[in-house]
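Trainee: The structure file query_27.csv (CSV, C-alpha atoms and all ligand atoms) is provided below.
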chain,number,residue,atom,x,y,z
A,1,MET,CA,246.0,143.7,64.9
A,2,LYS,CA,248.2,145.5,62.3
A,3,ALA,CA,250.9,142.9,62.8
A,4,PHE,CA,248.3,140.1,62.4
A,5,LEU,CA,247.0,141.6,59.1
A,6,SER,CA,250.6,141.9,57.7
A,7,VAL,CA,251.3,138.2,58.5
A,8,ALA,CA,248.0,137.2,56.9
A,9,LEU,CA,248.8,139.2,53.8
A,10,LEU,CA,252.3,137.8,53.5
A,11,LEU,CA,250.8,134.2,53.8
A,12,CYS,CA,248.3,135.0,51.0
A,13,VAL,CA,251.0,136.4,48.7
A,14,GLY,CA,253.2,133.4,49.4
A,15,LEU,CA,250.4,130.9,48.6
A,16,ALA,CA,249.5,132.7,45.4
A,17,VAL,CA,253.2,132.7,44.3
A,18,SER,CA,253.6,129.0,45.0
A,19,VAL,CA,250.4,128.1,43.2
A,20,TRP,CA,251.5,130.1,40.2
A,21,ILE,CA,254.9,128.4,40.2
A,22,GLY,CA,253.4,125.0,40.5
A,23,PHE,CA,250.9,125.6,37.7
A,24,HIS,CA,253.4,127.2,35.4
A,25,SER,CA,256.0,124.4,35.8
A,26,ARG,CA,253.3,121.7,35.2
A,27,PHE,CA,251.9,123.2,32.1
A,28,SER,CA,254.8,124.9,30.5
A,29,GLU,CA,255.9,123.5,27.1
A,30,GLY,CA,257.3,120.0,27.1
A,31,THR,CA,255.7,119.0,30.4
A,32,LEU,CA,252.0,118.9,29.5
A,33,PRO,CA,250.1,116.1,31.2
A,34,PHE,CA,250.1,113.5,28.5
A,35,ASP,CA,247.3,111.3,27.4
A,36,ASP,CA,248.7,108.1,25.8
A,37,ASP,CA,246.1,108.1,23.0
A,38,GLN,CA,247.4,111.4,21.8
A,39,LYS,CA,251.0,110.1,21.5
A,40,GLY,CA,252.3,110.9,18.0
A,41,ILE,CA,248.9,112.2,16.9
A,42,LYS,CA,250.7,115.1,15.1
A,43,ASP,CA,252.7,112.7,13.0
A,44,GLN,CA,249.8,110.3,12.2
A,45,VAL,CA,248.8,110.2,8.5
A,46,VAL,CA,245.1,109.7,8.1
A,47,ILE,CA,243.7,108.1,4.9
A,48,LYS,CA,239.9,108.5,4.4
A,49,PHE,CA,238.7,105.6,2.3
A,50,SER,CA,235.1,106.0,1.0
A,51,HIS,CA,233.1,103.3,-0.8
A,52,VAL,CA,229.4,102.6,-1.6
A,53,VAL,CA,228.9,98.9,-0.8
A,54,ALA,CA,228.1,97.0,2.4
A,55,GLU,CA,230.8,95.8,4.7
A,56,ASN,CA,230.0,92.2,4.2
A,57,THR,CA,231.2,92.2,0.5
A,58,PRO,CA,234.5,91.5,-1.3
A,59,LYS,CA,235.3,95.3,-1.4
A,60,GLY,CA,234.0,96.0,2.1
A,61,LEU,CA,236.1,93.3,3.7
A,62,ALA,CA,239.1,94.0,1.6
A,63,ALA,CA,239.0,97.7,2.7
A,64,GLN,CA,238.9,96.6,6.3
A,65,ARG,CA,241.7,94.1,5.9
A,66,PHE,CA,243.8,96.8,4.2
A,67,ALA,CA,243.2,99.2,7.0
A,68,LYS,CA,244.2,96.6,9.6
A,69,LEU,CA,247.4,95.7,7.8
A,70,VAL,CA,248.4,99.3,7.4
A,71,ASN,CA,247.8,100.0,11.0
A,72,GLU,CA,250.0,97.0,12.0
A,73,LYS,CA,252.8,97.6,9.6
A,74,SER,CA,253.0,101.4,10.4
A,75,GLU,CA,252.6,100.8,14.2
A,76,GLY,CA,249.6,103.1,14.2
A,77,LYS,CA,251.4,105.9,12.3
A,78,ILE,CA,249.1,105.5,9.3
A,79,LYS,CA,245.4,105.2,9.9
A,80,VAL,CA,243.0,104.2,7.2
A,81,GLU,CA,239.4,105.3,8.0
A,82,VAL,CA,237.0,103.2,6.0
A,83,VAL,CA,233.5,104.6,5.4
A,84,PRO,CA,231.1,102.0,3.7
A,85,ASN,CA,227.6,102.2,2.2
A,86,GLY,CA,228.1,105.6,0.6
A,87,GLY,CA,228.1,107.1,4.1
A,88,LEU,CA,230.3,109.9,2.9
A,89,TYR,CA,229.7,110.2,-0.8
A,90,SER,CA,227.6,108.5,-3.5
A,91,ASP,CA,229.2,106.9,-6.6
A,92,GLN,CA,229.9,110.0,-8.7
A,93,GLU,CA,230.6,112.2,-5.7
A,94,GLU,CA,233.3,110.0,-4.4
A,95,LEU,CA,235.3,110.4,-7.6
A,96,GLU,CA,235.1,114.2,-7.5
A,97,ALA,CA,235.9,114.2,-3.7
A,98,LEU,CA,239.0,112.1,-4.4
A,99,LYS,CA,240.2,114.4,-7.2
A,100,ARG,CA,239.7,117.4,-4.9
A,101,GLY,CA,241.6,115.7,-2.1
A,102,ASP,CA,238.7,115.7,0.3
A,103,ILE,CA,239.2,112.0,0.7
A,104,GLN,CA,242.4,110.1,-0.1
A,105,MET,CA,241.3,106.7,-1.3
A,106,ILE,CA,238.5,105.0,-3.2
A,107,ALA,CA,237.9,101.7,-5.0
A,108,PRO,CA,235.1,102.4,-7.5
A,109,ALA,CA,233.8,99.8,-9.9
A,110,THR,CA,236.1,100.0,-13.0
A,111,THR,CA,233.0,100.9,-15.1
A,112,LYS,CA,232.7,104.2,-13.3
A,113,LEU,CA,236.1,105.2,-14.4
A,114,SER,CA,235.2,105.2,-18.1
A,115,THR,CA,234.4,108.9,-18.0
A,116,PHE,CA,238.0,109.7,-17.1
A,117,SER,CA,239.5,107.0,-19.3
A,118,PRO,CA,237.3,105.3,-21.9
A,119,LYS,CA,239.8,102.5,-22.2
A,120,PHE,CA,238.4,101.1,-18.9
A,121,GLN,CA,235.3,100.0,-20.9
A,122,VAL,CA,237.4,97.0,-22.2
A,123,LEU,CA,236.6,95.3,-18.9
A,124,ASP,CA,232.9,95.7,-19.5
A,125,LEU,CA,232.8,93.9,-22.8
A,126,PRO,CA,230.3,91.1,-22.4
A,127,TYR,CA,231.8,87.7,-21.8
A,128,ALA,CA,235.3,89.1,-22.3
A,129,MET,CA,236.7,87.4,-19.2
A,130,PRO,CA,234.8,84.1,-18.9
A,131,THR,CA,236.7,82.6,-16.0
A,132,ARG,CA,238.2,83.7,-12.7
A,133,GLU,CA,241.7,83.0,-14.1
A,134,SER,CA,241.1,85.2,-17.2
A,135,MET,CA,240.1,88.1,-14.9
A,136,ILE,CA,243.2,87.7,-12.8
A,137,GLU,CA,245.4,87.5,-16.0
A,138,VAL,CA,243.8,90.7,-17.4
A,139,LEU,CA,243.8,92.7,-14.2
A,140,ASN,CA,247.3,91.8,-13.0
A,141,GLY,CA,248.9,91.8,-16.4
A,142,ASP,CA,249.6,94.2,-19.2
A,143,ILE,CA,245.9,95.3,-19.7
A,144,GLY,CA,245.6,96.2,-16.1
A,145,LYS,CA,248.9,98.2,-16.1
A,146,THR,CA,247.8,100.1,-19.2
A,147,LEU,CA,244.5,101.0,-17.5
A,148,LEU,CA,245.9,102.1,-14.2
A,149,GLN,CA,248.5,104.2,-16.0
A,150,SER,CA,245.7,105.9,-18.0
A,151,LEU,CA,244.4,107.6,-14.8
A,152,THR,CA,247.4,109.8,-14.1
A,153,ASN,CA,246.0,112.8,-16.0
A,154,SER,CA,243.1,112.9,-13.6
A,155,ASN,CA,245.2,113.4,-10.4
A,156,MET,CA,244.5,109.7,-9.6
A,157,LYS,CA,247.1,107.2,-8.7
A,158,GLY,CA,245.9,103.7,-9.7
A,159,LEU,CA,247.4,101.1,-7.4
A,160,THR,CA,245.8,97.7,-8.0
A,161,PHE,CA,242.6,95.9,-8.9
A,162,TRP,CA,240.2,94.1,-6.6
A,163,THR,CA,237.6,91.7,-7.9
A,164,ASN,CA,234.0,91.2,-6.9
A,165,GLY,CA,232.9,88.7,-9.6
A,166,PHE,CA,230.6,88.0,-12.5
A,167,LYS,CA,227.5,90.1,-13.1
A,168,GLN,CA,224.1,88.4,-13.1
A,169,ILE,CA,220.6,89.7,-14.0
A,170,THR,CA,217.5,90.0,-11.8
A,171,THR,CA,214.0,91.1,-12.7
A,172,ASN,CA,210.4,91.2,-11.6
A,173,ASP,CA,209.3,90.0,-15.0
A,174,GLY,CA,211.0,86.7,-15.7
A,175,PRO,CA,212.2,84.1,-16.4
A,176,LEU,CA,215.1,85.5,-18.5
A,177,LYS,CA,216.6,82.6,-20.5
A,178,SER,CA,217.3,84.1,-23.8
A,179,PRO,CA,218.2,87.6,-24.9
A,180,SER,CA,214.7,88.3,-26.3
A,181,ASP,CA,213.2,87.8,-22.8
A,182,LEU,CA,214.5,91.2,-21.7
A,183,LYS,CA,212.6,93.1,-24.4
A,184,GLY,CA,210.7,96.2,-23.2
A,185,GLN,CA,212.0,96.0,-19.6
A,186,THR,CA,213.8,98.7,-17.7
A,187,PHE,CA,217.1,97.9,-15.9
A,188,ARG,CA,219.4,99.8,-13.6
A,189,ILE,CA,223.0,99.9,-14.8
A,190,MET,CA,226.1,101.6,-13.6
A,191,PRO,CA,226.3,104.8,-15.8
A,192,SER,CA,228.2,103.6,-18.9
A,193,PRO,CA,227.8,104.1,-22.7
A,194,LEU,CA,228.9,100.5,-23.2
A,195,LEU,CA,226.4,99.0,-20.8
A,196,GLU,CA,223.7,101.1,-22.4
A,197,LYS,CA,224.6,99.7,-25.8
A,198,GLN,CA,224.4,96.2,-24.3
A,199,PHE,CA,220.9,96.7,-23.2
A,200,GLN,CA,219.9,98.5,-26.4
A,201,LEU,CA,220.8,95.3,-28.3
A,202,LEU,CA,218.4,93.5,-26.0
A,203,ASN,CA,215.7,96.0,-26.9
A,204,ALA,CA,215.6,96.9,-23.2
A,205,LYS,CA,215.9,100.3,-21.5
A,206,ALA,CA,218.9,100.9,-19.3
A,207,VAL,CA,219.2,103.7,-16.8
A,208,GLY,CA,222.5,104.7,-15.2
A,209,LEU,CA,221.8,105.3,-11.5
A,210,ASP,CA,223.6,105.4,-8.2
A,211,PHE,CA,224.1,102.0,-6.6
A,212,ASN,CA,222.3,102.9,-3.3
A,213,GLU,CA,219.2,104.1,-5.2
A,214,THR,CA,218.6,100.7,-6.7
A,215,TYR,CA,216.7,98.9,-3.9
A,216,ARG,CA,214.1,101.7,-3.6
A,217,LEU,CA,213.4,101.8,-7.4
A,218,LEU,CA,213.1,98.0,-7.7
A,219,GLU,CA,210.8,98.0,-4.7
A,220,SER,CA,208.6,100.7,-6.1
A,221,GLY,CA,208.4,99.0,-9.5
A,222,GLU,CA,209.9,102.0,-11.3
A,223,LEU,CA,212.6,99.5,-12.5
A,224,ASN,CA,211.9,96.0,-13.7
A,225,GLY,CA,215.4,94.8,-12.8
A,226,GLU,CA,219.1,95.3,-12.6
A,227,GLU,CA,222.5,93.6,-13.3
A,228,ASN,CA,225.0,93.0,-10.5
A,229,THR,CA,227.1,90.5,-8.7
A,230,ILE,CA,225.6,87.9,-6.3
A,231,SER,CA,227.4,89.6,-3.5
A,232,ASN,CA,225.8,93.0,-4.2
A,233,ILE,CA,222.4,91.4,-4.8
A,234,TYR,CA,222.7,89.6,-1.5
A,235,SER,CA,224.1,92.3,0.7
A,236,LYS,CA,221.6,95.0,-0.5
A,237,LYS,CA,218.7,92.5,-0.4
A,238,PHE,CA,217.7,93.1,-4.1
A,239,PHE,CA,216.5,89.4,-4.0
A,240,ASP,CA,213.8,90.5,-1.6
A,241,VAL,CA,212.2,92.8,-4.2
A,242,GLN,CA,212.8,90.7,-7.4
A,243,SER,CA,211.1,87.5,-8.6
A,244,HIS,CA,213.7,86.0,-10.9
A,245,LEU,CA,217.5,85.8,-11.0
A,246,THR,CA,219.4,84.5,-14.0
A,247,VAL,CA,223.0,83.4,-13.4
A,248,SER,CA,224.4,84.6,-16.7
A,249,ASP,CA,228.0,85.5,-15.8
A,250,HIS,CA,227.8,87.9,-18.7
A,251,GLY,CA,230.1,90.6,-17.4
A,252,PHE,CA,232.8,91.6,-14.9
A,253,LEU,CA,232.4,93.7,-11.8
A,254,GLY,CA,235.6,94.7,-10.0
A,255,TYR,CA,237.4,97.7,-8.6
A,256,ALA,CA,240.4,99.9,-9.3
A,257,VAL,CA,242.0,100.9,-6.0
A,258,ILE,CA,243.0,104.6,-6.3
A,259,MET,CA,244.6,107.3,-4.3
A,260,ASN,CA,244.7,111.0,-4.8
A,261,GLU,CA,247.9,111.4,-6.7
A,262,ASP,CA,249.2,114.6,-4.9
A,263,PHE,CA,248.6,112.9,-1.6
A,264,TRP,CA,250.5,109.8,-2.7
A,265,ASN,CA,253.4,111.9,-3.9
A,266,GLY,CA,253.5,113.7,-0.6
A,267,LEU,CA,254.1,110.4,1.3
A,268,SER,CA,257.6,109.3,2.2
A,269,LYS,CA,259.1,106.3,0.4
A,270,SER,CA,258.7,104.2,3.5
A,271,GLN,CA,255.1,105.2,3.9
A,272,GLN,CA,254.4,104.3,0.3
A,273,GLN,CA,256.2,101.0,0.8
A,274,ILE,CA,253.9,100.1,3.8
A,275,LEU,CA,250.8,100.9,1.7
A,276,LYS,CA,252.1,98.9,-1.3
A,277,GLU,CA,252.8,95.8,0.8
A,278,SER,CA,249.5,96.0,2.5
A,279,LEU,CA,247.7,96.4,-0.8
A,280,GLN,CA,249.6,93.5,-2.3
A,281,GLU,CA,248.5,91.2,0.6
A,282,THR,CA,245.0,92.4,0.4
A,283,THR,CA,244.7,92.0,-3.3
A,284,THR,CA,246.0,88.4,-3.2
A,285,TRP,CA,243.4,87.6,-0.5
A,286,ASN,CA,240.6,89.5,-2.3
A,287,GLN,CA,241.1,87.9,-5.7
A,288,THR,CA,240.5,84.5,-4.3
A,289,TYR,CA,238.0,85.1,-1.6
A,290,SER,CA,235.7,87.3,-3.7
A,291,PHE,CA,234.7,84.3,-5.8
A,292,GLU,CA,234.1,82.0,-2.9
A,293,MET,CA,232.0,84.7,-1.3
A,294,ASN,CA,229.8,85.1,-4.3
A,295,ASP,CA,229.3,81.3,-4.4
A,296,GLU,CA,228.4,81.2,-0.7
A,297,GLN,CA,226.0,84.1,-1.0
A,298,LEU,CA,224.2,82.4,-3.9
A,299,ARG,CA,223.6,79.5,-1.6
A,300,LEU,CA,222.2,81.9,1.1
A,301,ILE,CA,219.9,83.5,-1.4
A,302,GLU,CA,218.6,80.1,-2.4
A,303,LYS,CA,218.0,79.3,1.3
A,304,GLN,CA,216.6,82.6,2.4
A,305,SER,CA,214.3,83.7,-0.4
A,306,GLU,CA,211.6,82.7,-2.8
A,307,ILE,CA,213.4,84.1,-5.8
A,308,GLU,CA,213.5,81.8,-8.8
A,309,ILE,CA,217.0,81.1,-9.9
A,310,TYR,CA,217.9,80.0,-13.4
A,311,HIS,CA,221.5,79.1,-14.5
A,312,LEU,CA,222.2,79.6,-18.2
A,313,THR,CA,223.6,76.4,-19.7
A,314,LYS,CA,226.9,76.6,-21.7
A,315,GLU,CA,224.9,76.5,-24.9
A,316,GLU,CA,222.8,79.4,-23.8
A,317,LYS,CA,225.8,81.4,-22.7
A,318,ARG,CA,227.3,80.9,-26.1
A,319,LYS,CA,224.2,82.2,-27.7
A,320,TRP,CA,224.2,85.3,-25.4
A,321,ALA,CA,227.9,85.9,-26.2
A,322,ASP,CA,227.2,85.8,-29.9
A,323,PHE,CA,224.3,88.1,-29.5
A,324,PHE,CA,226.5,90.7,-27.7
A,325,GLU,CA,229.3,90.5,-30.3
A,326,PRO,CA,228.3,93.9,-32.0
A,327,VAL,CA,229.3,95.7,-28.8
A,328,TYR,CA,233.0,94.9,-29.4
A,329,LYS,CA,232.8,96.6,-32.9
A,330,ALA,CA,230.8,99.5,-31.6
A,331,PHE,CA,233.5,100.4,-29.0
A,332,ASP,CA,236.6,99.6,-31.0
A,333,GLU,CA,237.5,103.2,-31.5
A,334,GLU,CA,236.8,104.4,-28.0
A,335,ILE,CA,238.6,101.6,-26.3
A,336,GLY,CA,241.3,101.1,-28.9
A,337,THR,CA,241.8,98.2,-31.3
A,338,GLU,CA,245.0,97.0,-29.5
A,339,LEU,CA,243.3,96.6,-26.1
A,340,ILE,CA,240.3,94.8,-27.7
A,341,GLU,CA,242.6,92.4,-29.5
A,342,GLN,CA,244.5,91.8,-26.3
A,343,ILE,CA,241.4,90.9,-24.4
A,344,LYS,CA,240.1,88.8,-27.2
A,345,LYS,CA,243.2,86.7,-27.0
A,346,VAL,CA,242.8,86.2,-23.3
A,347,ARG,CA,239.1,85.2,-23.9
A,348,ALA,CA,240.2,82.7,-26.6
A,349,ASN,CA,242.7,81.1,-24.2
A,350,HIS,CA,240.3,80.7,-21.4
A,351,SER,CA,237.1,80.2,-23.3
A,352,GLU,CA,234.5,78.2,-21.5
A,353,LEU,CA,232.0,79.1,-24.2
A,401,LIG,C1,227.3,99.3,-8.7
A,401,LIG,O1,227.2,100.5,-8.7
A,401,LIG,O2,226.5,98.4,-9.0
A,401,LIG,C2,228.6,98.8,-8.1
A,401,LIG,O3,229.6,99.6,-8.6
A,401,LIG,C3,228.7,98.7,-6.6
A,401,LIG,C4,230.0,98.3,-6.2
A,401,LIG,O4,230.9,99.2,-5.9
A,401,LIG,O5,230.2,97.1,-6.2
Give the structure from this file in structure tokens form.
Ligand code: LMR
Mentor:
Amino acid sequence: MKAFLSVALLLCVGLAVSVWIGFHSRFSEGTLPFDDDQKGIKDQVVIKFSHVVAENTPKGLAAQRFAKLVNEKSEGKIKVEVVPNGGLYSDQEELEALKRGDIQMIAPATTKLSTFSPKFQVLDLPYAMPTRESMIEVLNGDIGKTLLQSLTNSNMKGLTFWTNGFKQITTNDGPLKSPSDLKGQTFRIMPSPLLEKQFQLLNAKAVGLDFNETYRLLESGELNGEENTISNIYSKKFFDVQSHLTVSDHGFLGYAVIMNEDFWNGLSKSQQQILKESLQETTTWNQTYSFEMNDEQLRLIEKQSEIEIYHLTKEEKRKWADFFEPVYKAFDEEIGTELIEQIKKVRANHSEL
């Protein structure tokens, strides 16, 4: 019996030792069982890219295209995570989050950057860029460079501009054919002293509000109307809660694509190169496609809704542009005479009015 117990004990000890050896050799450093998805995860750079519009918009699609290009060019080593529809942050919050470094990338409407750099308001001057070509010339030329440069004091690295298109006006109290038709109405605008001034001239009230608040306030009747691009009017269904749309083309809406500057500086030269190339390709695509998209979505609004659409004639646009002329003078000091003169030159060269 004693001998039997000794043999059994020996066997148990032997088994325990071999299990321990097997376990140890399998899980000791360097030989962990490996899940392919985890490969290189330690070296992966993640860029969180937050924005407030729908996916089916010039900015939403550009952000996705950029993410795809970066993934391909970096062979998965740089991952851009796009969060649309204000899913992470609202308009003002995303700017603060970027500065803190909680997210790495945003593409706010240029209007929203005027609190950091008042020069950005040059792009909001009414009828300053009357054609697509004039927008491209301004954004990709000297004016655009000056504006992106002016962000560096705010820990923001301005990289490029994406376009959406021309702003139009919607209301529940139309039609709006001449500037006097807006009198007494309340409109949602992007927070901006210049846009406020524009509506003051019209004897209308303008309220600076978050983009994703707009639909609810139009629906409840707290606002009469708003100004935005066709693409934003379509993708957020503003046309469902408005009776009139005036195609006025009175202003520009586009985006400065920005990264947190510390984050950008911490990237290697080759990582920066991948991001620059991907942005360049995306920008070229966006600056063409955004205009087509607005045209196409205007046709869809016509088809899908009862909203009454009025296109200002050339004559009428000229009248509106003259009417808004005092805005240029009022913002001469804040924007700077030189920039205003530069944009006036572009306007004169491309004038459709
Ligand atoms: C708005 O607030 O109306 C726009 O900035 C939305 C956008 O980003 O296009």
Trainee: Just to confirm, what's the straight-line distance from atom CA of A:Thr186 to atom C1 of ligand LIG 401 (chain A) in Å (one decimal)?
Mentor: 16.2 Å
Trainee: Hey, which residues sit close to ligand LIG 401 (chain A)? Say within 9 Å, counting only C-alpha atoms and all ligand atoms, and write them as a PyMOL selection string.
Mentor: chain A and resi 51-54+57-59+91+107-112+164+188-191+209-212+214+226-229+231-232+253-255
Trainee: Can you measure atom CA of A:Asn349 to atom CA of A:Val122 for me? One decimal in Å is fine.
Mentor: 16.9 Å
Trainee: Of the candidates A:Gly158, A:Gly221, A:Gly336, A:Pro193, which shows the shortest atom-to-atom distance to A:Trp264, using all atoms listed in the file?
Mentor: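 Of all the options, A:Gly158 lies closest to A:Trp264.
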Trainee: Show me as an mmCIF file with C-alpha atoms, in the coordinates of the input the residues that reach within 12 Å of (243.2, 81.9, -14.6), counting all atoms listed in the file and using the file's own coordinates.
Mentor:
data_model
loop_
_atom_site.group_PDB
_atom_site.id
_atom_site.type_symbol
_atom_site.label_atom_id
_atom_site.label_comp_id
_atom_site.auth_asym_id
_atom_site.auth_seq_id
_atom_site.Cartn_x
_atom_site.Cartn_y
_atom_site.Cartn_z
ATOM 1 C CA MET A 129 236.700 87.400 -19.200
ATOM 2 C CA PRO A 130 234.800 84.100 -18.900
ATOM 3 C CA THR A 131 236.700 82.600 -16.000
ATOM 4 C CA ARG A 132 238.200 83.700 -12.700
ATOM 5 C CA GLU A 133 241.700 83.000 -14.100
ATOM 6 C CA SER A 134 241.100 85.200 -17.200
ATOM 7 C CA MET A 135 240.100 88.100 -14.900
ATOM 8 C CA ILE A 136 243.200 87.700 -12.800
ATOM 9 C CA GLU A 137 245.400 87.500 -16.000
ATOM 10 C CA VAL A 138 243.800 90.700 -17.400
ATOM 11 C CA LEU A 139 243.800 92.700 -14.200
ATOM 12 C CA ASN A 140 247.300 91.800 -13.000
ATOM 13 C CA GLY A 141 248.900 91.800 -16.400
ATOM 14 C CA GLN A 287 241.100 87.900 -5.700
ATOM 15 C CA THR A 288 240.500 84.500 -4.300
ATOM 16 C CA VAL A 346 242.800 86.200 -23.300
ATOM 17 C CA ARG A 347 239.100 85.200 -23.900
ATOM 18 C CA ASN A 349 242.700 81.100 -24.200
ATOM 19 C CA HIS A 350 240.300 80.700 -21.400
ATOM 20 C CA SER A 351 237.100 80.200 -23.300
ATOM 21 C CA GLU A 352 234.500 78.200 -21.500
#
Trainee: Just give me the gap between atom CA of A:Asp262 and atom CA of A:Ile143 in Å, one decimal is fine.
Mentor: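 Separation of atom CA of A:Asp262 and atom CA of A:Ile143: 24.5 Å.
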Trainee: What's the 10 Å shell around stretch 278-284 of chain A, counting all atoms listed in the file, without same-chain residues fewer than 2 positions away, as a list of chain:residue names?
Mentor: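 What passes the distance filter is A:Leu61, A:Ala62, A:Ala63, A:Gln64, A:Arg65, A:Phe66, A:Ala67, A:Lys68, A:Leu69, A:Val70, A:Asn71, A:Glu72, A:Lys73, A:Leu159, A:Thr160, A:Phe161, A:Trp162, A:Thr163, A:Val257, A:Gln272, A:Gln273, A:Ile274, A:Leu275, A:Lys276, A:Asn286, A:Gln287, A:Thr288, A:Tyr289.
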Trainee: What would the file look like if the residues just selected were written as an mmCIF file, keeping the file's coordinate frame with C-alpha atoms?
Mentor:
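Wrote it out as again_24.cif, contents follow:
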data_model
loop_
_atom_site.group_PDB
_atom_site.id
_atom_site.type_symbol
_atom_site.label_atom_id
_atom_site.label_comp_id
_atom_site.auth_asym_id
_atom_site.auth_seq_id
_atom_site.Cartn_x
_atom_site.Cartn_y
_atom_site.Cartn_z
ATOM 1 C CA LEU A 61 236.100 93.300 3.700
ATOM 2 C CA ALA A 62 239.100 94.000 1.600
ATOM 3 C CA ALA A 63 239.000 97.700 2.700
ATOM 4 C CA GLN A 64 238.900 96.600 6.300
ATOM 5 C CA ARG A 65 241.700 94.100 5.900
ATOM 6 C CA PHE A 66 243.800 96.800 4.200
ATOM 7 C CA ALA A 67 243.200 99.200 7.000
ATOM 8 C CA LYS A 68 244.200 96.600 9.600
ATOM 9 C CA LEU A 69 247.400 95.700 7.800
ATOM 10 C CA VAL A 70 248.400 99.300 7.400
ATOM 11 C CA ASN A 71 247.800 100.000 11.000
ATOM 12 C CA GLU A 72 250.000 97.000 12.000
ATOM 13 C CA LYS A 73 252.800 97.600 9.600
ATOM 14 C CA LEU A 159 247.400 101.100 -7.400
ATOM 15 C CA THR A 160 245.800 97.700 -8.000
ATOM 16 C CA PHE A 161 242.600 95.900 -8.900
ATOM 17 C CA TRP A 162 240.200 94.100 -6.600
ATOM 18 C CA THR A 163 237.600 91.700 -7.900
ATOM 19 C CA VAL A 257 242.000 100.900 -6.000
ATOM 20 C CA GLN A 272 254.400 104.300 0.300
ATOM 21 C CA GLN A 273 256.200 101.000 0.800
ATOM 22 C CA ILE A 274 253.900 100.100 3.800
ATOM 23 C CA LEU A 275 250.800 100.900 1.700
ATOM 24 C CA LYS A 276 252.100 98.900 -1.300
ATOM 25 C CA ASN A 286 240.600 89.500 -2.300
ATOM 26 C CA GLN A 287 241.100 87.900 -5.700
ATOM 27 C CA THR A 288 240.500 84.500 -4.300
ATOM 28 C CA TYR A 289 238.000 85.100 -1.600
#
Trainee: With only C-alpha atoms as the atoms that count, which of A:Asn224, A:Ser74, A:Phe239, A:Ala128 lies nearest to A:Lys303?
Mentor: A:Phe239
Trainee: Need to verify the contact set: A:Arg318, 9 Å, only C-alpha atoms, exclusion of same-chain residues closer than 4 positions in sequence. Can you return it as a PyMOL selection string?
Mentor: chain A and resi 313-314+322-323+352-353
Trainee: Using all atoms listed in the file, pick whichever of A:Val45, A:Val207, A:Val80, A:Ile230 has the shortest atom-to-atom distance to A:Glu292.
Mentor: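 With all atoms listed in the file as the atom set, the closest residue is A:Ile230.
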Trainee: Could you tell me which of A:Glu277, A:Glu94, A:Asp249, A:Glu325 comes closest to A:Asn294 if we count all atoms listed in the file?
Mentor: A:Asp249
Trainee: Taking 5 positions as the minimum chain separation for residues in the same chain, which residues sit within 9 Å of A:Ser243 when counting all atoms listed in the file? Answer as a ChimeraX atom specification.
Mentor: /A:170-175,306-309
